[in-house]
Structure formats: C-alpha cells, structure tokens
file query22.csv (CSV, C-alpha atoms)
chain,number,residue,atom,x,y,z
P,1,MET,CA,-1.9,-23.2,7.3
P,2,ILE,CA,-1.6,-19.9,9.2
P,3,ILE,CA,-0.6,-16.8,7.4
P,4,ARG,CA,1.7,-14.5,9.4
P,5,TYR,CA,3.2,-11.1,8.4
P,6,GLU,CA,6.5,-11.0,10.2
P,7,TYR,CA,8.5,-7.8,10.8
P,8,PRO,CA,11.9,-9.2,12.0
P,9,THR,CA,13.9,-5.9,11.9
P,10,LEU,CA,13.3,-2.5,13.4
P,11,TYR,CA,13.2,-1.1,9.8
P,12,ASP,CA,10.3,-3.6,9.0
P,13,GLN,CA,8.4,-2.6,12.1
P,14,THR,CA,8.9,1.1,11.4
P,15,ARG,CA,7.7,0.8,7.9
P,16,SER,CA,4.6,-1.2,9.0
P,17,ILE,CA,3.7,1.4,11.6
P,18,GLU,CA,4.1,4.2,9.0
P,19,ILE,CA,1.9,2.4,6.5
P,20,ASP,CA,-0.9,2.3,9.2
P,21,GLN,CA,-0.3,6.0,10.1
P,22,PHE,CA,-0.4,7.2,6.5
P,23,THR,CA,-3.6,5.2,5.9
P,24,LEU,CA,-5.4,6.8,8.8
P,25,GLU,CA,-4.1,10.3,7.9
P,26,MET,CA,-4.8,10.2,4.2
P,27,ILE,CA,-8.3,8.9,4.2
P,28,PRO,CA,-11.3,10.9,5.4
P,29,ALA,CA,-13.2,10.3,8.7
P,30,THR,CA,-14.3,6.7,8.8
P,31,HIS,CA,-17.3,7.0,11.1
P,32,ASN,CA,-20.4,5.5,9.6
P,33,LYS,CA,-18.6,4.9,6.3
P,34,ASN,CA,-18.7,1.8,4.1
P,35,ILE,CA,-15.1,0.7,3.4
P,36,LEU,CA,-13.5,-1.8,1.0
P,37,ASP,CA,-10.1,-3.2,1.8
P,38,ILE,CA,-8.7,-4.7,-1.4
P,39,GLY,CA,-6.0,-7.3,-0.7
P,40,CYS,CA,-6.9,-7.3,3.0
P,41,GLY,CA,-4.6,-10.2,4.0
P,42,VAL,CA,-5.5,-11.1,7.5
P,43,GLY,CA,-7.6,-8.0,8.0
P,44,ARG,CA,-5.1,-5.1,8.1
P,45,GLY,CA,-7.8,-2.5,7.4
P,46,ALA,CA,-10.0,-3.9,10.2
P,47,SER,CA,-7.1,-3.8,12.6
P,48,ILE,CA,-6.7,0.0,12.4
P,49,ILE,CA,-10.3,1.1,11.6
P,50,GLN,CA,-13.0,0.2,14.1
P,51,ASP,CA,-15.7,3.0,13.8
P,52,CYS,CA,-16.9,2.4,10.3
P,53,MET,CA,-20.4,1.3,9.4
P,54,GLN,CA,-19.0,-1.7,7.4
P,55,MET,CA,-15.5,-3.0,6.6
P,56,VAL,CA,-15.4,-5.4,3.7
P,57,GLY,CA,-12.1,-7.1,3.2
P,58,ILE,CA,-11.4,-9.0,0.0
P,59,ASP,CA,-8.4,-11.2,-0.9
P,60,LEU,CA,-7.6,-13.8,-3.5
P,61,SER,CA,-6.3,-16.1,-0.7
P,62,ASP,CA,-8.9,-18.4,0.8
P,63,VAL,CA,-6.5,-19.0,3.7
P,64,ALA,CA,-6.2,-15.3,4.5
P,65,ILE,CA,-10.0,-14.9,4.3
P,66,ALA,CA,-10.6,-17.8,6.6
P,67,GLN,CA,-8.1,-16.5,9.1
P,68,SER,CA,-9.6,-12.9,8.9
P,69,LYS,CA,-13.0,-14.3,9.7
P,70,LYS,CA,-11.6,-16.0,12.8
P,71,LEU,CA,-9.6,-13.0,14.0
P,72,TYR,CA,-12.6,-10.6,13.7
P,73,ALA,CA,-15.5,-13.0,14.5
P,74,GLY,CA,-16.6,-10.6,17.2
P,75,ARG,CA,-16.8,-7.6,14.9
P,76,GLY,CA,-20.3,-7.4,13.5
P,77,ASN,CA,-19.3,-4.6,11.1
P,78,CYS,CA,-16.6,-6.7,9.4
P,79,GLN,CA,-17.1,-9.0,6.4
P,80,PHE,CA,-14.4,-11.0,4.5
P,81,LEU,CA,-14.8,-12.4,1.1
P,82,GLN,CA,-12.5,-14.3,-1.3
P,83,MET,CA,-12.5,-12.3,-4.5
P,84,ASN,CA,-10.3,-11.2,-7.4
P,85,ALA,CA,-9.4,-7.5,-7.3
P,86,LEU,CA,-9.7,-7.5,-11.1
P,87,ASP,CA,-13.3,-8.5,-11.0
P,88,LEU,CA,-15.0,-7.0,-7.9
P,89,ASP,CA,-18.4,-8.5,-7.3
P,90,PHE,CA,-20.0,-5.3,-6.1
P,91,PRO,CA,-22.4,-2.8,-7.7
P,92,ASP,CA,-21.1,0.6,-8.9
P,93,ASN,CA,-21.0,3.3,-6.3
P,94,THR,CA,-21.0,1.0,-3.2
P,95,PHE,CA,-18.2,2.3,-1.0
P,96,ASP,CA,-17.3,5.6,0.6
P,97,ILE,CA,-13.6,4.6,1.0
P,98,VAL,CA,-11.5,2.1,-0.9
P,99,ILE,CA,-8.0,1.2,0.4
P,100,ALA,CA,-5.5,-0.9,-1.5
P,101,ILE,CA,-2.4,-1.3,0.6
P,102,GLU,CA,0.6,-3.3,-0.8
P,103,VAL,CA,-1.6,-4.5,-3.7
P,104,VAL,CA,-1.1,-2.9,-7.0
P,105,GLU,CA,2.3,-4.5,-7.6
P,106,HIS,CA,0.9,-8.0,-7.1
P,107,VAL,CA,-1.9,-8.0,-9.7
P,108,SER,CA,-1.5,-9.0,-13.4
P,109,ASP,CA,-3.4,-5.9,-14.7
P,110,ALA,CA,-3.0,-2.8,-12.5
P,111,GLN,CA,-5.1,-0.7,-14.8
P,112,ARG,CA,-8.1,-3.0,-14.5
P,113,MET,CA,-7.7,-3.2,-10.7
P,114,LEU,CA,-7.8,0.5,-10.4
P,115,HIS,CA,-10.7,0.8,-12.7
P,116,GLU,CA,-12.6,-1.7,-10.6
P,117,ALA,CA,-11.7,0.2,-7.4
P,118,ILE,CA,-13.0,3.5,-8.8
P,119,ARG,CA,-16.1,1.8,-10.2
P,120,VAL,CA,-17.3,0.6,-6.8
P,121,LEU,CA,-16.4,3.9,-5.2
P,122,LYS,CA,-19.2,6.4,-4.6
P,123,SER,CA,-18.9,9.9,-6.2
P,124,GLY,CA,-16.9,12.0,-3.8
P,125,GLY,CA,-15.3,8.9,-2.2
P,126,CYS,CA,-11.6,8.3,-1.5
P,127,LEU,CA,-9.3,5.7,-2.9
P,128,LEU,CA,-5.9,5.3,-1.2
P,129,LEU,CA,-3.2,3.1,-2.5
P,130,ASN,CA,0.5,2.6,-1.9
P,131,ALA,CA,3.3,1.1,-4.0
P,132,ALA,CA,7.0,0.6,-4.1
P,133,ASN,CA,8.7,3.3,-6.1
P,134,ARG,CA,10.5,2.1,-9.2
P,135,ASP,CA,12.5,5.4,-9.3
P,136,SER,CA,13.5,5.5,-5.6
P,137,LEU,CA,16.9,7.1,-4.9
P,138,HIS,CA,18.5,3.7,-4.4
P,139,LEU,CA,17.4,2.5,-7.9
P,140,ARG,CA,18.6,5.8,-9.4
P,141,ILE,CA,22.0,5.2,-7.9
P,142,ILE,CA,22.1,1.5,-9.0
P,143,ARG,CA,21.3,2.5,-12.6
P,144,SER,CA,23.8,5.3,-12.6
P,145,LEU,CA,26.5,2.8,-11.5
P,146,GLY,CA,25.6,0.6,-14.4
P,147,TYR,CA,24.0,-2.2,-12.5
P,148,GLN,CA,20.7,-3.9,-13.4
P,149,GLU,CA,17.7,-2.5,-11.4
P,150,PHE,CA,15.7,-5.0,-9.3
P,151,LYS,CA,12.3,-5.2,-7.8
P,152,THR,CA,12.0,-4.5,-4.1
P,153,ASN,CA,10.0,-7.7,-3.6
P,154,TYR,CA,10.3,-11.0,-5.6
P,155,GLN,CA,6.5,-11.3,-5.3
P,156,HIS,CA,5.9,-8.1,-7.3
P,157,ILE,CA,4.7,-8.6,-10.8
P,158,GLN,CA,5.4,-5.0,-11.7
P,159,GLU,CA,6.6,-1.9,-10.0
P,160,PHE,CA,5.8,1.7,-11.0
P,161,TYR,CA,7.2,5.2,-11.4
P,162,LEU,CA,5.0,7.8,-9.7
P,163,SER,CA,4.2,9.3,-13.2
P,164,GLU,CA,2.9,5.9,-14.3
P,165,LEU,CA,0.6,5.5,-11.2
P,166,LYS,CA,-0.7,9.0,-11.7
P,167,THR,CA,-1.5,8.3,-15.4
P,168,LEU,CA,-3.3,5.0,-14.5
P,169,LEU,CA,-5.4,6.8,-11.9
P,170,VAL,CA,-6.3,9.8,-14.1
P,171,ASP,CA,-7.3,7.4,-16.9
P,172,THR,CA,-9.9,5.9,-14.5
P,173,GLY,CA,-11.3,9.4,-14.0
P,174,ALA,CA,-9.9,9.8,-10.5
P,175,GLU,CA,-8.7,13.1,-9.2
P,176,ILE,CA,-5.4,13.0,-7.3
P,177,GLN,CA,-5.6,14.8,-4.0
P,178,GLU,CA,-2.4,14.0,-2.1
P,179,VAL,CA,0.9,12.2,-2.7
P,180,ARG,CA,3.3,11.2,0.1
P,181,GLY,CA,6.7,9.5,0.2
P,182,SER,CA,7.8,7.0,2.8
P,183,LEU,CA,11.5,6.4,3.7
P,184,LEU,CA,14.5,7.5,1.8
P,185,LEU,CA,16.9,4.6,1.3
P,186,PRO,CA,19.9,5.8,-0.6
P,187,TYR,CA,22.0,2.7,-0.4
P,188,TRP,CA,19.6,-0.2,-0.3
P,189,GLY,CA,20.8,-3.0,-2.6
P,190,VAL,CA,23.7,-0.9,-3.9
P,191,PRO,CA,26.6,-3.4,-4.6
P,192,GLY,CA,29.6,-2.8,-2.3
P,193,VAL,CA,27.7,-0.5,0.0
P,194,ASP,CA,24.5,-2.2,1.2
P,195,ALA,CA,26.1,-5.1,2.9
P,196,SER,CA,28.4,-2.8,4.9
P,197,ILE,CA,25.6,-0.7,6.4
P,198,ARG,CA,22.7,-3.1,6.4
P,199,ASN,CA,22.9,-3.6,10.1
P,200,LEU,CA,22.6,0.1,10.6
P,201,THR,CA,19.7,0.6,8.3
P,202,ASP,CA,17.8,-2.5,9.6
P,203,HIS,CA,18.5,-2.2,13.3
P,204,LYS,CA,19.9,1.2,14.4
P,205,PRO,CA,17.1,3.3,15.8
P,206,GLU,CA,18.7,6.7,15.2
P,207,VAL,CA,19.6,5.7,11.6
P,208,ILE,CA,16.1,4.4,10.8
P,209,GLU,CA,14.5,7.6,12.3
P,210,ILE,CA,16.7,9.7,10.0
P,211,LEU,CA,15.6,7.6,6.9
P,212,LYS,CA,12.0,8.0,8.0
P,213,GLU,CA,12.3,11.8,8.5
P,214,LEU,CA,14.1,12.3,5.2
P,215,GLY,CA,11.3,10.3,3.5
P,216,HIS,CA,8.9,13.0,4.8
P,217,GLN,CA,11.0,15.9,3.6
P,218,VAL,CA,12.1,15.0,0.1
P,219,ALA,CA,9.9,14.9,-3.0
P,220,PRO,CA,8.0,11.6,-3.1
P,221,GLU,CA,9.7,10.8,-6.5
P,222,TYR,CA,12.9,9.9,-4.5
P,223,THR,CA,11.4,7.8,-1.7
P,224,TYR,CA,11.2,4.0,-1.3
P,225,ALA,CA,7.4,3.9,-1.2
P,226,LEU,CA,4.6,6.1,-2.6
P,227,PHE,CA,1.1,6.8,-1.1
P,228,ILE,CA,-1.6,8.3,-3.3
P,229,ALA,CA,-5.0,9.5,-2.2
P,230,CYS,CA,-7.5,10.4,-4.8
P,231,THR,CA,-11.3,11.0,-5.2
P,232,LYS,CA,-14.0,10.0,-7.6
P,233,PRO,CA,-15.7,13.1,-9.1
call {"tool": "encode", "arguments": {"input": "query22.csv", "output": "structure tokens"}}
result
Amino acid sequence: MIIRYEYPTLYDQTRSIEIDQFTLEMIPATHNKNILDIGCGVGRGASIIQDCMQMVGIDLSDVAIAQSKKLYAGRGNCQFLQMNALDLDFPDNTFDIVIAIEVVEHVSDAQRMLHEAIRVLKSGGCLLLNAANRDSLHLRIIRSLGYQEFKTNYQHIQEFYLSELKTLLVDTGAEIQEVRGSLLLPYWGVPGVDASIRNLTDHKPEVIEILKELGHQVAPEYTYALFIACTKP
C-alpha cells in the first residue's frame, strides 16, 4: 500500500503551498535544532526543513512511517517512528520546535495531544499547529441561512473555534505568539451557491488568488484555516 496526498485542483495546490510557507515563516530558525513533526504522514516536515540537527517524524500509521523511511533513507538527520500523538515516548524538554500540521482535528483527545506536545518541548521552544476553523465565514453564512453546519473533512473527529484552540493551548501553559488565517471562502458548501461557482473557486487562478489574499487581510476568526504559533515559558 502506498499513501499519496493528492492535490487535484488548483485550490488544493495553493492551500498546500501556503501551509508549507506559513510553517517556515511562523517557526524560528531551524539550523541545528531538534524538531518533532507530529502526524508527519509521509514526511511533510522533512520535505520543507533540511538544515535541522534532527527531524523526528511520528505518525500512527505504520504504512506512512515505512514510506517516510524509504523516501528519506539518505537523510541521516531524519528519524521516523510509529507513535500515538496522545502518548509521546520522549522525555520532557526534548525538542526545540514541535509542528503539528493537519493533526489536531484527527485525534480523540485534542487537549491531551497538546499537553504532550508542550511537555516534550524545551523551555523557550516553539509549537506550531494549524486547524480548520469551525467559525469560518462560510459556516457563519450556512448557520445564518438555517442550514446544519458540517465538518470540512469527513475524517475530522472534531473542529474548533479559534477561542477553543487558544483556551486549550493556554491551559497547557503555552504562550500564544502569533495567529494567522488562511483563505477566505465565503460560499464554500453554501446550498444553492457553491455548486454554481465551485469551478471558479477550485480552478480559476485569479479567483483563488483573491481568496488567498483576503485570507491574509481579514481577521483569522473568519478564515477557512487557522495557524497558531506559541512558546513554552
């Protein structure tokens, strides 16, 4: 079995590129740092960060870990381990940077996952995570029209308001440093509207560029996805 992360539309490709860009912009310099990539999949962190002292990727999927080991067999500073994000098998204060991209919605206990991430982080270290926004503009419109809100991905166990994520992080003792929003999607999934314009929002370069730029300019509370960088005191 081979795991592939496919990006069939220009929108998907744009979002994937922005995730990588935000990751690199929101974490501190990675040179000579020990980094933990929680929910690494097939080595996303390793694909964009090369100059660290050590990149440790963990994932619950044994298939993903086996594939990561093959992909990065030539990288001596990379290690991939099958591990549960709710029970990290590392001592306290091990890593300088912890990244958790596209993870928090997929775990059964988000609070425990974040506690574990902060536990293994060194004092002064950085935790970066992202998440789908449960209060994105498109969901606000859907609720206002009287329709049932929906998750952005059927694989998500839970999605979060920005205020919820902030509370979870503060409860771990983390200090929030920066919050960014990615992509403003006013009409995504809105009955009677989405189907009519989906071709534009999925494939039209100028439309997708506008949605991306608006996501940078409005308050993160309204955007499709949230990125939060915090430090451990």
call {"tool": "residues_around", "arguments": {"input": "query22.csv", "residues": "P:Lys122", "least_positions_apart": "3", "cutoff": "9 Å", "atoms": "all atoms listed in the file", "output": "list in words"}}
result
Asp92, Asn93, Thr94, Phe95, Asp96, Ile97, Ile118, Arg119, Gly125, Cys126, Lys232 and Pro233 of chain P
call {"tool": "atom_distance", "arguments": {"input": "query22.csv", "atom1": "atom CA of P:Pro220", "atom2": "atom CA of P:Gln50"}}
result
29.4 Å
call {"tool": "residues_around", "arguments": {"input": "query22.csv", "residues": "stretch 70-76 of chain P", "least_positions_apart": "5", "cutoff": "10 Å", "atoms": "all atoms listed in the file", "output": "list in words"}}
result
Val42, Gly43, Ala46, Ser47, Gln50, Met53, Gln54, Met55, Ala64 and Ile65 of chain P
call {"tool": "atom_distance", "arguments": {"input": "query22.csv", "atom1": "atom CA of P:Lys151", "atom2": "atom CA of P:Val193"}}
result
17.9 Å
call {"tool": "residues_near_point", "arguments": {"input": "query22.csv", "point": "(9.3, 8.7, -9.3)", "cutoff": "9 Å", "atoms": "all atoms listed in the file", "output": "CSV table (one decimal) with C-alpha atoms, in the coordinates of the input"}}
result
chain,number,residue,atom,x,y,z
P,133,ASN,CA,8.7,3.3,-6.1
P,134,ARG,CA,10.5,2.1,-9.2
P,135,ASP,CA,12.5,5.4,-9.3
P,136,SER,CA,13.5,5.5,-5.6
P,137,LEU,CA,16.9,7.1,-4.9
P,160,PHE,CA,5.8,1.7,-11.0
P,161,TYR,CA,7.2,5.2,-11.4
P,162,LEU,CA,5.0,7.8,-9.7
P,163,SER,CA,4.2,9.3,-13.2
P,164,GLU,CA,2.9,5.9,-14.3
P,219,ALA,CA,9.9,14.9,-3.0
P,220,PRO,CA,8.0,11.6,-3.1
P,221,GLU,CA,9.7,10.8,-6.5
P,222,TYR,CA,12.9,9.9,-4.5
P,223,THR,CA,11.4,7.8,-1.7
P,226,LEU,CA,4.6,6.1,-2.6
call {"tool": "closest_residue", "arguments": {"input": "query22.csv", "among": "P:Gly39, P:Gly181, P:Pro28, P:Pro191", "to": "P:Val104", "atoms": "only C-alpha atoms"}}
result
P:Gly39
call {"tool": "closest_residue", "arguments": {"input": "query22.csv", "among": "P:Asp87, P:Asp62, P:Glu213, P:Asp171", "to": "P:Gln111", "atoms": "all atoms listed in the file"}}
result
P:Asp171
call {"tool": "atom_distance", "arguments": {"input": "query22.csv", "atom1": "atom CA of P:Ile19", "atom2": "atom CA of P:Gln148"}}
result
28.1 Å
call {"tool": "residues_around", "arguments": {"input": "query22.csv", "residues": "P:Met26", "least_positions_apart": "4", "cutoff": "8 Å", "atoms": "all atoms listed in the file", "output": "PyMOL selection string"}}
result
chain P and resi 22+128+178+229
